[in-house]
Each structure stands twice: as C-alpha cells, then as structure tokens.
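The file structure09.txt contains compact mmCIF, N, CA and C atoms and all ligand atoms:
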```txt
# COMPACT_ATOMS: atom_id res chain seq x y z
N MET R 1 0.13 -14.98 12.31
CA MET R 1 0.22 -13.76 11.52
C MET R 1 -0.97 -12.84 11.81
N ALA R 2 -0.71 -11.57 11.84
CA ALA R 2 -1.77 -10.60 12.13
C ALA R 2 -2.85 -10.63 11.07
N SER R 3 -4.07 -10.40 11.49
CA SER R 3 -5.18 -10.36 10.55
C SER R 3 -5.91 -9.03 10.68
N LEU R 4 -6.33 -8.50 9.54
CA LEU R 4 -7.04 -7.23 9.56
C LEU R 4 -8.49 -7.38 10.02
N ASN R 5 -9.05 -8.58 9.81
CA ASN R 5 -10.49 -8.76 10.01
C ASN R 5 -11.31 -7.71 9.27
N MET R 6 -11.06 -7.62 7.98
CA MET R 6 -11.79 -6.68 7.13
C MET R 6 -12.28 -7.38 5.88
N GLU R 7 -13.28 -6.78 5.24
CA GLU R 7 -13.81 -7.29 3.97
C GLU R 7 -12.85 -6.92 2.84
N GLY R 8 -12.77 -7.78 1.86
CA GLY R 8 -11.96 -7.46 0.69
C GLY R 8 -10.86 -8.48 0.48
N PRO R 9 -9.88 -8.21 -0.32
CA PRO R 9 -9.61 -6.92 -1.00
C PRO R 9 -10.48 -6.66 -2.22
N TYR R 10 -10.72 -5.38 -2.46
CA TYR R 10 -11.44 -4.91 -3.64
C TYR R 10 -10.59 -3.88 -4.36
N LEU R 11 -10.85 -3.74 -5.66
CA LEU R 11 -10.15 -2.72 -6.44
C LEU R 11 -10.50 -1.32 -5.93
N LEU R 12 -9.49 -0.50 -5.76
CA LEU R 12 -9.70 0.85 -5.24
C LEU R 12 -10.10 1.80 -6.37
N ILE R 13 -11.35 1.64 -6.80
CA ILE R 13 -11.90 2.54 -7.82
C ILE R 13 -13.30 2.95 -7.36
N PRO R 14 -13.76 4.14 -7.76
CA PRO R 14 -15.05 4.65 -7.26
C PRO R 14 -16.22 3.68 -7.46
N ASP R 15 -16.30 3.05 -8.63
CA ASP R 15 -17.42 2.14 -8.89
C ASP R 15 -17.44 0.98 -7.90
N LYS R 16 -16.27 0.45 -7.60
CA LYS R 16 -16.20 -0.69 -6.68
C LYS R 16 -16.53 -0.24 -5.26
N ILE R 17 -16.04 0.92 -4.89
CA ILE R 17 -16.33 1.45 -3.55
C ILE R 17 -17.84 1.61 -3.38
N ASP R 18 -18.51 2.17 -4.41
CA ASP R 18 -19.96 2.34 -4.34
C ASP R 18 -20.69 1.00 -4.28
N GLU R 19 -20.10 0.00 -4.92
CA GLU R 19 -20.75 -1.31 -4.97
C GLU R 19 -20.71 -2.03 -3.62
N VAL R 20 -19.58 -1.91 -2.90
CA VAL R 20 -19.43 -2.71 -1.68
C VAL R 20 -19.55 -1.91 -0.39
N VAL R 21 -19.21 -0.64 -0.40
CA VAL R 21 -19.26 0.17 0.83
C VAL R 21 -20.54 1.01 0.76
N THR R 22 -21.65 0.36 1.12
CA THR R 22 -22.94 0.92 0.73
C THR R 22 -23.66 1.74 1.79
N SER R 23 -23.21 1.72 3.03
CA SER R 23 -23.94 2.56 3.98
C SER R 23 -23.05 3.67 4.50
N MET R 24 -23.67 4.77 4.92
CA MET R 24 -22.91 5.91 5.41
C MET R 24 -22.57 5.70 6.87
N GLN R 25 -21.43 5.07 7.10
CA GLN R 25 -21.03 4.71 8.46
C GLN R 25 -19.54 4.96 8.64
N PRO R 26 -19.11 5.14 9.89
CA PRO R 26 -17.67 5.16 10.13
C PRO R 26 -17.07 3.77 9.92
N GLY R 27 -15.75 3.74 9.85
CA GLY R 27 -15.09 2.46 9.68
C GLY R 27 -13.59 2.62 9.51
N ALA R 28 -12.93 1.48 9.43
CA ALA R 28 -11.48 1.47 9.23
C ALA R 28 -11.19 0.81 7.89
N PHE R 29 -10.02 1.12 7.34
CA PHE R 29 -9.66 0.52 6.06
C PHE R 29 -8.16 0.31 5.96
N ALA R 30 -7.78 -0.52 5.02
CA ALA R 30 -6.38 -0.72 4.69
C ALA R 30 -6.23 -0.61 3.19
N LEU R 31 -5.13 -0.03 2.76
CA LEU R 31 -4.82 0.05 1.33
C LEU R 31 -3.58 -0.77 1.07
N GLY R 32 -3.51 -1.36 -0.13
CA GLY R 32 -2.33 -2.15 -0.44
C GLY R 32 -2.38 -2.72 -1.83
N TYR R 33 -1.59 -3.76 -2.03
CA TYR R 33 -1.54 -4.41 -3.33
C TYR R 33 -1.55 -5.92 -3.13
N ILE R 34 -1.69 -6.64 -4.25
CA ILE R 34 -1.72 -8.10 -4.19
C ILE R 34 -0.38 -8.63 -4.68
N ALA R 35 0.27 -9.45 -3.85
CA ALA R 35 1.49 -10.13 -4.26
C ALA R 35 1.22 -11.62 -4.17
N ASP R 36 1.39 -12.33 -5.29
CA ASP R 36 0.90 -13.70 -5.43
C ASP R 36 -0.58 -13.68 -5.10
N VAL R 37 -0.98 -14.29 -3.98
CA VAL R 37 -2.41 -14.22 -3.66
C VAL R 37 -2.63 -13.44 -2.37
N ASN R 38 -1.58 -12.83 -1.87
CA ASN R 38 -1.71 -12.15 -0.57
C ASN R 38 -1.91 -10.65 -0.72
N PHE R 39 -2.76 -10.12 0.15
CA PHE R 39 -2.96 -8.68 0.23
C PHE R 39 -1.84 -8.10 1.10
N VAL R 40 -1.04 -7.22 0.54
CA VAL R 40 0.06 -6.61 1.28
C VAL R 40 -0.39 -5.22 1.74
N VAL R 41 -0.40 -5.03 3.06
CA VAL R 41 -0.88 -3.77 3.62
C VAL R 41 0.19 -2.69 3.48
N VAL R 42 -0.19 -1.58 2.89
CA VAL R 42 0.73 -0.45 2.75
C VAL R 42 0.32 0.71 3.65
N TYR R 43 -0.97 0.86 3.83
CA TYR R 43 -1.47 2.03 4.56
C TYR R 43 -2.74 1.63 5.30
N VAL R 44 -2.92 2.14 6.51
CA VAL R 44 -4.18 1.93 7.22
C VAL R 44 -4.75 3.29 7.61
N GLY R 45 -6.07 3.35 7.64
CA GLY R 45 -6.72 4.62 7.99
C GLY R 45 -8.12 4.38 8.49
N ARG R 46 -8.86 5.46 8.70
CA ARG R 46 -10.24 5.32 9.15
C ARG R 46 -11.06 6.48 8.64
N SER R 47 -12.37 6.31 8.76
CA SER R 47 -13.28 7.41 8.49
C SER R 47 -14.17 7.59 9.72
N ASP R 48 -14.29 8.81 10.20
CA ASP R 48 -15.11 9.05 11.38
C ASP R 48 -16.60 9.16 11.07
N LYS R 49 -16.93 9.37 9.80
CA LYS R 49 -18.34 9.57 9.46
C LYS R 49 -18.83 8.74 8.28
N ASN R 50 -18.04 8.72 7.22
CA ASN R 50 -18.52 8.13 5.97
C ASN R 50 -17.37 7.44 5.24
N LEU R 51 -17.30 6.13 5.46
CA LEU R 51 -16.18 5.35 4.91
C LEU R 51 -16.14 5.40 3.39
N ASN R 52 -17.31 5.38 2.77
CA ASN R 52 -17.39 5.43 1.31
C ASN R 52 -16.67 6.67 0.77
N GLU R 53 -17.00 7.81 1.34
CA GLU R 53 -16.41 9.08 0.89
C GLU R 53 -14.90 9.13 1.14
N THR R 54 -14.49 8.68 2.33
CA THR R 54 -13.07 8.71 2.67
C THR R 54 -12.27 7.83 1.73
N LEU R 55 -12.80 6.65 1.41
CA LEU R 55 -12.07 5.76 0.50
C LEU R 55 -11.91 6.41 -0.88
N LYS R 56 -12.93 7.10 -1.33
CA LYS R 56 -12.83 7.76 -2.65
C LYS R 56 -11.75 8.83 -2.64
N ASP R 57 -11.54 9.47 -1.49
CA ASP R 57 -10.45 10.45 -1.40
C ASP R 57 -9.09 9.81 -1.65
N TRP R 58 -9.01 8.48 -1.44
CA TRP R 58 -7.72 7.80 -1.56
C TRP R 58 -7.46 7.22 -2.94
N VAL R 59 -8.46 7.26 -3.81
CA VAL R 59 -8.27 6.72 -5.16
C VAL R 59 -7.16 7.51 -5.84
N PHE R 60 -6.17 6.81 -6.35
CA PHE R 60 -5.02 7.38 -7.07
C PHE R 60 -4.03 8.15 -6.20
N ARG R 61 -4.23 8.20 -4.89
CA ARG R 61 -3.30 8.97 -4.07
C ARG R 61 -2.00 8.24 -3.78
N LYS R 62 -2.05 6.92 -3.73
CA LYS R 62 -0.83 6.15 -3.53
C LYS R 62 -0.69 5.17 -4.68
N SER R 63 0.37 5.32 -5.43
CA SER R 63 0.49 4.57 -6.67
C SER R 63 0.60 3.06 -6.44
N ASP R 64 1.09 2.66 -5.26
CA ASP R 64 1.23 1.22 -5.02
C ASP R 64 0.00 0.62 -4.32
N CYS R 65 -1.05 1.39 -4.18
CA CYS R 65 -2.26 0.88 -3.53
C CYS R 65 -3.39 0.75 -4.54
N MET R 66 -3.51 -0.44 -5.12
CA MET R 66 -4.57 -0.68 -6.09
C MET R 66 -5.80 -1.31 -5.44
N PHE R 67 -5.65 -1.76 -4.19
CA PHE R 67 -6.73 -2.49 -3.54
C PHE R 67 -7.00 -1.95 -2.13
N PHE R 68 -8.21 -2.21 -1.66
CA PHE R 68 -8.53 -1.83 -0.28
C PHE R 68 -9.29 -2.95 0.41
N LYS R 69 -9.21 -2.92 1.73
CA LYS R 69 -10.07 -3.73 2.59
C LYS R 69 -10.75 -2.78 3.55
N TYR R 70 -11.90 -3.18 4.08
CA TYR R 70 -12.59 -2.25 4.97
C TYR R 70 -13.41 -3.00 6.02
N ALA R 71 -13.74 -2.30 7.08
CA ALA R 71 -14.68 -2.81 8.09
C ALA R 71 -15.46 -1.63 8.63
N PHE R 72 -16.76 -1.74 8.62
CA PHE R 72 -17.58 -0.72 9.27
C PHE R 72 -17.45 -0.85 10.78
N THR R 73 -17.62 0.27 11.47
CA THR R 73 -17.66 0.24 12.93
C THR R 73 -18.89 1.00 13.40
N LYS R 74 -19.23 0.79 14.68
CA LYS R 74 -20.45 1.40 15.21
C LYS R 74 -20.31 2.91 15.33
N ASN R 75 -19.11 3.38 15.62
CA ASN R 75 -18.91 4.81 15.83
C ASN R 75 -17.45 5.16 15.54
N SER R 76 -17.14 6.45 15.65
CA SER R 76 -15.80 6.89 15.29
C SER R 76 -14.74 6.41 16.29
N TYR R 77 -15.14 6.23 17.55
CA TYR R 77 -14.19 5.71 18.52
C TYR R 77 -13.74 4.30 18.13
N GLU R 78 -14.70 3.45 17.77
CA GLU R 78 -14.34 2.09 17.36
C GLU R 78 -13.50 2.09 16.08
N ALA R 79 -13.77 3.04 15.22
CA ALA R 79 -12.96 3.16 14.00
C ALA R 79 -11.52 3.51 14.36
N PHE R 80 -11.36 4.42 15.31
CA PHE R 80 -10.03 4.80 15.80
C PHE R 80 -9.30 3.59 16.39
N VAL R 81 -9.99 2.83 17.23
CA VAL R 81 -9.37 1.66 17.87
C VAL R 81 -8.94 0.64 16.82
N LYS R 82 -9.81 0.40 15.85
CA LYS R 82 -9.48 -0.58 14.81
C LYS R 82 -8.31 -0.09 13.96
N GLU R 83 -8.30 1.20 13.68
CA GLU R 83 -7.18 1.78 12.93
C GLU R 83 -5.87 1.59 13.70
N CYS R 84 -5.90 1.88 15.01
CA CYS R 84 -4.69 1.75 15.84
C CYS R 84 -4.20 0.30 15.88
N ILE R 85 -5.12 -0.64 16.08
CA ILE R 85 -4.73 -2.05 16.16
C ILE R 85 -4.08 -2.48 14.85
N SER R 86 -4.70 -2.10 13.73
CA SER R 86 -4.12 -2.46 12.42
C SER R 86 -2.76 -1.81 12.24
N TYR R 87 -2.66 -0.56 12.65
CA TYR R 87 -1.42 0.20 12.54
C TYR R 87 -0.28 -0.52 13.26
N HIS R 88 -0.55 -0.99 14.48
CA HIS R 88 0.50 -1.68 15.24
C HIS R 88 0.71 -3.11 14.76
N ASP R 89 -0.38 -3.81 14.44
CA ASP R 89 -0.26 -5.20 13.99
C ASP R 89 0.57 -5.31 12.72
N PHE R 90 0.48 -4.30 11.87
CA PHE R 90 1.17 -4.39 10.58
C PHE R 90 2.47 -3.61 10.57
N GLY R 91 3.02 -3.39 11.76
CA GLY R 91 4.41 -2.98 11.82
C GLY R 91 4.68 -1.51 11.77
N ALA R 92 3.67 -0.68 11.89
CA ALA R 92 3.81 0.76 12.01
C ALA R 92 4.85 1.36 11.06
N ILE R 93 6.13 1.13 11.34
CA ILE R 93 7.15 1.80 10.52
C ILE R 93 7.26 1.20 9.13
N ASN R 94 6.78 -0.03 8.96
CA ASN R 94 6.80 -0.61 7.61
C ASN R 94 5.72 -0.01 6.73
N LEU R 95 4.70 0.52 7.38
CA LEU R 95 3.60 1.11 6.63
C LEU R 95 3.99 2.50 6.15
N LYS R 96 3.33 2.93 5.09
CA LYS R 96 3.60 4.28 4.60
C LYS R 96 2.60 5.27 5.21
N CYS R 97 2.44 5.16 6.51
CA CYS R 97 1.62 6.14 7.22
C CYS R 97 2.60 7.18 7.76
N GLU R 98 2.32 8.44 7.54
CA GLU R 98 3.26 9.48 7.98
C GLU R 98 3.33 9.55 9.50
N GLN R 99 2.23 9.25 10.16
CA GLN R 99 2.22 9.36 11.62
C GLN R 99 1.24 8.38 12.26
N HIS R 100 1.33 8.27 13.57
CA HIS R 100 0.41 7.44 14.34
C HIS R 100 -1.02 7.93 14.10
N PRO R 101 -2.01 7.00 14.10
CA PRO R 101 -3.40 7.44 13.98
C PRO R 101 -3.74 8.55 14.98
N GLN R 102 -4.46 9.54 14.51
CA GLN R 102 -4.81 10.69 15.34
C GLN R 102 -6.20 10.50 15.94
N ARG R 103 -6.31 10.78 17.24
CA ARG R 103 -7.65 10.79 17.82
C ARG R 103 -8.32 12.12 17.47
N ILE R 104 -9.64 12.12 17.61
CA ILE R 104 -10.36 13.37 17.34
C ILE R 104 -10.02 14.36 18.44
N GLU R 105 -9.72 15.58 18.03
CA GLU R 105 -9.34 16.61 18.98
C GLU R 105 -10.42 16.78 20.06
N GLY R 106 -9.97 16.89 21.30
CA GLY R 106 -10.92 17.09 22.40
C GLY R 106 -11.38 15.79 23.05
N THR R 107 -11.00 14.64 22.47
CA THR R 107 -11.37 13.37 23.09
C THR R 107 -10.21 12.88 23.97
N ASP R 108 -10.51 11.92 24.87
CA ASP R 108 -9.45 11.33 25.68
C ASP R 108 -9.19 9.88 25.26
N TRP R 109 -9.42 9.60 23.99
CA TRP R 109 -9.21 8.25 23.47
C TRP R 109 -7.76 7.83 23.64
N ARG R 110 -7.58 6.55 23.97
CA ARG R 110 -6.23 6.00 24.10
C ARG R 110 -6.00 4.91 23.08
N CYS R 111 -4.77 4.83 22.63
CA CYS R 111 -4.40 3.76 21.70
C CYS R 111 -4.28 2.46 22.48
N PRO R 112 -4.90 1.36 21.99
CA PRO R 112 -4.77 0.08 22.67
C PRO R 112 -3.40 -0.56 22.46
N GLY R 113 -2.58 -0.01 21.57
CA GLY R 113 -1.31 -0.66 21.24
C GLY R 113 -0.06 0.04 21.73
N CYS R 114 -0.18 1.26 22.25
CA CYS R 114 0.98 1.99 22.73
C CYS R 114 0.51 3.13 23.67
N ASP R 115 1.46 3.87 24.19
CA ASP R 115 1.05 4.93 25.12
C ASP R 115 1.30 6.33 24.56
N VAL R 116 1.13 6.47 23.27
CA VAL R 116 1.29 7.79 22.65
C VAL R 116 0.28 8.78 23.22
N TYR R 117 -0.90 8.30 23.56
CA TYR R 117 -1.91 9.14 24.22
C TYR R 117 -2.06 8.68 25.66
N LYS R 118 -1.61 9.50 26.59
CA LYS R 118 -1.67 9.07 28.00
C LYS R 118 -2.87 9.68 28.71
ZN ZN R 201 -0.50 3.36 19.20
```

Show me, as structure tokens, the structure contained in the file I just sent.
Ligand SMILES: [Zn+2]
Amino acid sequence: MASLNMEGPYLLIPDKIDEVVTSMQPGAFALGYIADVNFVVVYVGRSDKNLNETLKDWVFRKSDCMFFKYAFTKNSYEAFVKECISYHDFGAINLKCEQHPQRIEGTDWRCPGCDVYK
C-alpha cells in the first residue's frame, strides 16, 4: 500500500498547525479524515514557501478534511515532487484535487509520475 511518508495525522485547526508545523519552510501535505484507525487521503497539496501559512488557508475549506499530514522539504522543487508522488500514489482521480499539481511558472520541472510536463 502506498505511504505518504508524512508526519501526522493532526487536527486541521490553527492551534494545532502552530504547534507542530513550526518552521517557515516549504513542504507537502495531505488532507483527509480518519476511518476506523486509518487516515483517508482526500486532497494533497504543497507550499512553496511557508507550509504553516498554506495549511491555515485550508482550515474549513473542505468539510470532509478534519485532519492533515505534512512533510517539510528543502525547497519548492522537492515540495512539488512530493506533491506529485502523493497525487499519483493515492489515485489521482479518487482525490478531490481539481487538477494535476502545478509547477511554478517558468520552471522546467517534470512530474516523476506522468508526462503531463514534457
Ligand atoms: Zn503527474
């Protein structure tokens, strides 16, 4: 079974985000809910600059996402790669992501899981 390799799950509330996502770094995250004891991934995303801030933007935005998992990355490129891998590992169309992860405009980043960016 695919693994996110992320910390959590934690409750998706501002206080919890401040408690665990403590440095201003890029990173990737997953949003979802708990069924029995399993974290069910509903959405995956990333932050290019500040994961703490990006996660707070997601509080209350998806009613079925009460929990999050996260992983810091060294830079925004690694955040993009981790987002893409999670996106494909967790079934892309099963997720409630409107579209494939977007690379930063002007970069030649490629997805490790498909050839959407050639
Ligand atoms: Zn892809």

Between CA of Ser23 (chain R) and atom C of Asn5 (chain R), what is the spacing in Å?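 Here the two named atoms are 17.1 Å from each other.
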
All residues within 8 Å of ligand ZN 201 (chain R) are required, counting all atoms listed in the file; please report them as a PDB file with N, CA and C atoms, in the frame of the given file.
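That gives us out_18.pdb:
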```pdb
ATOM      1  N   GLU R  83      -8.300   1.200  13.680  1.00  0.00           N
ATOM      2  CA  GLU R  83      -7.180   1.780  12.930  1.00  0.00           C
ATOM      3  C   GLU R  83      -5.870   1.590  13.700  1.00  0.00           C
ATOM      4  N   CYS R  84      -5.900   1.880  15.010  1.00  0.00           N
ATOM      5  CA  CYS R  84      -4.690   1.750  15.840  1.00  0.00           C
ATOM      6  C   CYS R  84      -4.200   0.300  15.880  1.00  0.00           C
ATOM      7  N   ILE R  85      -5.120  -0.640  16.080  1.00  0.00           N
ATOM      8  CA  ILE R  85      -4.730  -2.050  16.160  1.00  0.00           C
ATOM      9  C   ILE R  85      -4.080  -2.480  14.850  1.00  0.00           C
ATOM     10  N   TYR R  87      -2.660  -0.560  12.650  1.00  0.00           N
ATOM     11  CA  TYR R  87      -1.420   0.200  12.540  1.00  0.00           C
ATOM     12  C   TYR R  87      -0.280  -0.520  13.260  1.00  0.00           C
ATOM     13  N   HIS R  88      -0.550  -0.990  14.480  1.00  0.00           N
ATOM     14  CA  HIS R  88       0.500  -1.680  15.240  1.00  0.00           C
ATOM     15  C   HIS R  88       0.710  -3.110  14.760  1.00  0.00           C
ATOM     16  N   HIS R 100       1.330   8.270  13.570  1.00  0.00           N
ATOM     17  CA  HIS R 100       0.410   7.440  14.340  1.00  0.00           C
ATOM     18  C   HIS R 100      -1.020   7.930  14.100  1.00  0.00           C
ATOM     19  N   PRO R 101      -2.010   7.000  14.100  1.00  0.00           N
ATOM     20  CA  PRO R 101      -3.400   7.440  13.980  1.00  0.00           C
ATOM     21  C   PRO R 101      -3.740   8.550  14.980  1.00  0.00           C
ATOM     22  N   ARG R 110      -7.580   6.550  23.970  1.00  0.00           N
ATOM     23  CA  ARG R 110      -6.230   6.000  24.100  1.00  0.00           C
ATOM     24  C   ARG R 110      -6.000   4.910  23.080  1.00  0.00           C
ATOM     25  N   CYS R 111      -4.770   4.830  22.630  1.00  0.00           N
ATOM     26  CA  CYS R 111      -4.400   3.760  21.700  1.00  0.00           C
ATOM     27  C   CYS R 111      -4.280   2.460  22.480  1.00  0.00           C
ATOM     28  N   PRO R 112      -4.900   1.360  21.990  1.00  0.00           N
ATOM     29  CA  PRO R 112      -4.770   0.080  22.670  1.00  0.00           C
ATOM     30  C   PRO R 112      -3.400  -0.560  22.460  1.00  0.00           C
ATOM     31  N   GLY R 113      -2.580  -0.010  21.570  1.00  0.00           N
ATOM     32  CA  GLY R 113      -1.310  -0.660  21.240  1.00  0.00           C
ATOM     33  C   GLY R 113      -0.060   0.040  21.730  1.00  0.00           C
ATOM     34  N   CYS R 114      -0.180   1.260  22.250  1.00  0.00           N
ATOM     35  CA  CYS R 114       0.980   1.990  22.730  1.00  0.00           C
ATOM     36  C   CYS R 114       0.510   3.130  23.670  1.00  0.00           C
ATOM     37  N   ASP R 115       1.460   3.870  24.190  1.00  0.00           N
ATOM     38  CA  ASP R 115       1.050   4.930  25.120  1.00  0.00           C
ATOM     39  C   ASP R 115       1.300   6.330  24.560  1.00  0.00           C
ATOM     40  N   VAL R 116       1.130   6.470  23.270  1.00  0.00           N
ATOM     41  CA  VAL R 116       1.290   7.790  22.650  1.00  0.00           C
ATOM     42  C   VAL R 116       0.280   8.780  23.220  1.00  0.00           C
ATOM     43  N   TYR R 117      -0.900   8.300  23.560  1.00  0.00           N
ATOM     44  CA  TYR R 117      -1.910   9.140  24.220  1.00  0.00           C
ATOM     45  C   TYR R 117      -2.060   8.680  25.660  1.00  0.00           C
TER      46      TYR R 117
END
```

Length of the CA of Tyr43 (chain R) to CA of Gly106 (chain R) vector [Å]: 25.2 Å

Of the candidates R:Ser63, R:Lys69, R:Ser86, R:Lys74, which shows the shortest atom-to-atom distance to Leu31 (chain R), using all atoms listed in the file?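 Ranking R:Ser63, R:Lys69, R:Ser86, R:Lys74 by distance to Leu31 (chain R), first place goes to R:Lys69.
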
Can you measure CA of Glu19 (chain R) to CA of Ala2 (chain R) for me? One decimal in Å is fine. 27.2 Å

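Considering all atoms listed in the file, the residue among R:Gly32, R:Val41, R:Leu55, R:Lys49 positioned nearest to Pro14 (chain R) is R:Leu55.
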
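If you measure from each of R:Phe68, R:Ile13, R:Asp18, R:Met6 to Ala30 (chain R) using only N, CA and C atoms, the closest one turns out to be R:Phe68.
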
Neighbours of Glu78 (chain R) within 8 Å (all atoms listed in the file; same-chain residues fewer than 6 positions away dropped), as a PyMOL selection string? chain R and resi 26-28+72+84

So, counting only C-alpha atoms, which residue among R:Val21, R:Val42, R:Leu51, R:Cys65 is closest to Glu7 (chain R)?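 Smallest distance to Glu7 (chain R) is found for R:Val21.
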
DSSP on the backbone: what in chain R comes out alpha helix (DSSP H), as a list in words?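 Everything in chain R that counts as alpha helix (DSSP H) is Pro14, Asp15, Lys16, Ile17, Asp18, Glu19, Val20, Leu51, Asn52, Glu53, Thr54, Leu55, Lys56, Asp57, Ser76, Tyr77, Glu78, Ala79, Phe80, Val81, Lys82, Glu83, Cys84, Ile85, Ser86, Tyr87, His88 and Asp89 of chain R.
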
Dump as a PDB file, in the frame of the given file, selection limited to N, CA and C atoms:
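Output (out03.pdb):
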```pdb
ATOM      1  N   PRO R  14     -13.760   4.140  -7.760  1.00  0.00           N
ATOM      2  CA  PRO R  14     -15.050   4.650  -7.260  1.00  0.00           C
ATOM      3  C   PRO R  14     -16.220   3.680  -7.460  1.00  0.00           C
ATOM      4  N   ASP R  15     -16.300   3.050  -8.630  1.00  0.00           N
ATOM      5  CA  ASP R  15     -17.420   2.140  -8.890  1.00  0.00           C
ATOM      6  C   ASP R  15     -17.440   0.980  -7.900  1.00  0.00           C
ATOM      7  N   LYS R  16     -16.270   0.450  -7.600  1.00  0.00           N
ATOM      8  CA  LYS R  16     -16.200  -0.690  -6.680  1.00  0.00           C
ATOM      9  C   LYS R  16     -16.530  -0.240  -5.260  1.00  0.00           C
ATOM     10  N   ILE R  17     -16.040   0.920  -4.890  1.00  0.00           N
ATOM     11  CA  ILE R  17     -16.330   1.450  -3.550  1.00  0.00           C
ATOM     12  C   ILE R  17     -17.840   1.610  -3.380  1.00  0.00           C
ATOM     13  N   ASP R  18     -18.510   2.170  -4.410  1.00  0.00           N
ATOM     14  CA  ASP R  18     -19.960   2.340  -4.340  1.00  0.00           C
ATOM     15  C   ASP R  18     -20.690   1.000  -4.280  1.00  0.00           C
ATOM     16  N   GLU R  19     -20.100   0.000  -4.920  1.00  0.00           N
ATOM     17  CA  GLU R  19     -20.750  -1.310  -4.970  1.00  0.00           C
ATOM     18  C   GLU R  19     -20.710  -2.030  -3.620  1.00  0.00           C
ATOM     19  N   VAL R  20     -19.580  -1.910  -2.900  1.00  0.00           N
ATOM     20  CA  VAL R  20     -19.430  -2.710  -1.680  1.00  0.00           C
ATOM     21  C   VAL R  20     -19.550  -1.910  -0.390  1.00  0.00           C
ATOM     22  N   LEU R  51     -17.300   6.130   5.460  1.00  0.00           N
ATOM     23  CA  LEU R  51     -16.180   5.350   4.910  1.00  0.00           C
ATOM     24  C   LEU R  51     -16.140   5.400   3.390  1.00  0.00           C
ATOM     25  N   ASN R  52     -17.310   5.380   2.770  1.00  0.00           N
ATOM     26  CA  ASN R  52     -17.390   5.430   1.310  1.00  0.00           C
ATOM     27  C   ASN R  52     -16.670   6.670   0.770  1.00  0.00           C
ATOM     28  N   GLU R  53     -17.000   7.810   1.340  1.00  0.00           N
ATOM     29  CA  GLU R  53     -16.410   9.080   0.890  1.00  0.00           C
ATOM     30  C   GLU R  53     -14.900   9.130   1.140  1.00  0.00           C
ATOM     31  N   THR R  54     -14.490   8.680   2.330  1.00  0.00           N
ATOM     32  CA  THR R  54     -13.070   8.710   2.670  1.00  0.00           C
ATOM     33  C   THR R  54     -12.270   7.830   1.730  1.00  0.00           C
ATOM     34  N   LEU R  55     -12.800   6.650   1.410  1.00  0.00           N
ATOM     35  CA  LEU R  55     -12.070   5.760   0.500  1.00  0.00           C
ATOM     36  C   LEU R  55     -11.910   6.410  -0.880  1.00  0.00           C
ATOM     37  N   LYS R  56     -12.930   7.100  -1.330  1.00  0.00           N
ATOM     38  CA  LYS R  56     -12.830   7.760  -2.650  1.00  0.00           C
ATOM     39  C   LYS R  56     -11.750   8.830  -2.640  1.00  0.00           C
ATOM     40  N   ASP R  57     -11.540   9.470  -1.490  1.00  0.00           N
ATOM     41  CA  ASP R  57     -10.450  10.450  -1.400  1.00  0.00           C
ATOM     42  C   ASP R  57      -9.090   9.810  -1.650  1.00  0.00           C
ATOM     43  N   SER R  76     -17.140   6.450  15.650  1.00  0.00           N
ATOM     44  CA  SER R  76     -15.800   6.890  15.290  1.00  0.00           C
ATOM     45  C   SER R  76     -14.740   6.410  16.290  1.00  0.00           C
ATOM     46  N   TYR R  77     -15.140   6.230  17.550  1.00  0.00           N
ATOM     47  CA  TYR R  77     -14.190   5.710  18.520  1.00  0.00           C
ATOM     48  C   TYR R  77     -13.740   4.300  18.130  1.00  0.00           C
ATOM     49  N   GLU R  78     -14.700   3.450  17.770  1.00  0.00           N
ATOM     50  CA  GLU R  78     -14.340   2.090  17.360  1.00  0.00           C
ATOM     51  C   GLU R  78     -13.500   2.090  16.080  1.00  0.00           C
ATOM     52  N   ALA R  79     -13.770   3.040  15.220  1.00  0.00           N
ATOM     53  CA  ALA R  79     -12.960   3.160  14.000  1.00  0.00           C
ATOM     54  C   ALA R  79     -11.520   3.510  14.360  1.00  0.00           C
ATOM     55  N   PHE R  80     -11.360   4.420  15.310  1.00  0.00           N
ATOM     56  CA  PHE R  80     -10.030   4.800  15.800  1.00  0.00           C
ATOM     57  C   PHE R  80      -9.300   3.590  16.390  1.00  0.00           C
ATOM     58  N   VAL R  81      -9.990   2.830  17.230  1.00  0.00           N
ATOM     59  CA  VAL R  81      -9.370   1.660  17.870  1.00  0.00           C
ATOM     60  C   VAL R  81      -8.940   0.640  16.820  1.00  0.00           C
ATOM     61  N   LYS R  82      -9.810   0.400  15.850  1.00  0.00           N
ATOM     62  CA  LYS R  82      -9.480  -0.580  14.810  1.00  0.00           C
ATOM     63  C   LYS R  82      -8.310  -0.090  13.960  1.00  0.00           C
ATOM     64  N   GLU R  83      -8.300   1.200  13.680  1.00  0.00           N
ATOM     65  CA  GLU R  83      -7.180   1.780  12.930  1.00  0.00           C
ATOM     66  C   GLU R  83      -5.870   1.590  13.700  1.00  0.00           C
ATOM     67  N   CYS R  84      -5.900   1.880  15.010  1.00  0.00           N
ATOM     68  CA  CYS R  84      -4.690   1.750  15.840  1.00  0.00           C
ATOM     69  C   CYS R  84      -4.200   0.300  15.880  1.00  0.00           C
ATOM     70  N   ILE R  85      -5.120  -0.640  16.080  1.00  0.00           N
ATOM     71  CA  ILE R  85      -4.730  -2.050  16.160  1.00  0.00           C
ATOM     72  C   ILE R  85      -4.080  -2.480  14.850  1.00  0.00           C
ATOM     73  N   SER R  86      -4.700  -2.100  13.730  1.00  0.00           N
ATOM     74  CA  SER R  86      -4.120  -2.460  12.420  1.00  0.00           C
ATOM     75  C   SER R  86      -2.760  -1.810  12.240  1.00  0.00           C
ATOM     76  N   TYR R  87      -2.660  -0.560  12.650  1.00  0.00           N
ATOM     77  CA  TYR R  87      -1.420   0.200  12.540  1.00  0.00           C
ATOM     78  C   TYR R  87      -0.280  -0.520  13.260  1.00  0.00           C
ATOM     79  N   HIS R  88      -0.550  -0.990  14.480  1.00  0.00           N
ATOM     80  CA  HIS R  88       0.500  -1.680  15.240  1.00  0.00           C
ATOM     81  C   HIS R  88       0.710  -3.110  14.760  1.00  0.00           C
ATOM     82  N   ASP R  89      -0.380  -3.810  14.440  1.00  0.00           N
ATOM     83  CA  ASP R  89      -0.260  -5.200  13.990  1.00  0.00           C
ATOM     84  C   ASP R  89       0.570  -5.310  12.720  1.00  0.00           C
TER      85      ASP R  89
END
```

How would you write, as a VMD selection string, the set of residues in region 50-88 of chain R that DSSP gives as strand (DSSP E)? chain R and resid 67 to 72

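When all atoms listed in the file are used to compute distances to Phe29 (chain R), the closest of the residues R:Lys82, R:Lys56, R:Lys62, R:Lys16 turns out to be R:Lys82.
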
Top pick for closest residue to Phe67 (chain R), considering R:Cys97, R:Leu4, R:Leu12, R:Ile104 and counting only C-alpha atoms: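 When distances to Phe67 (chain R) are compared using only C-alpha atoms, the smallest one comes from R:Leu12.
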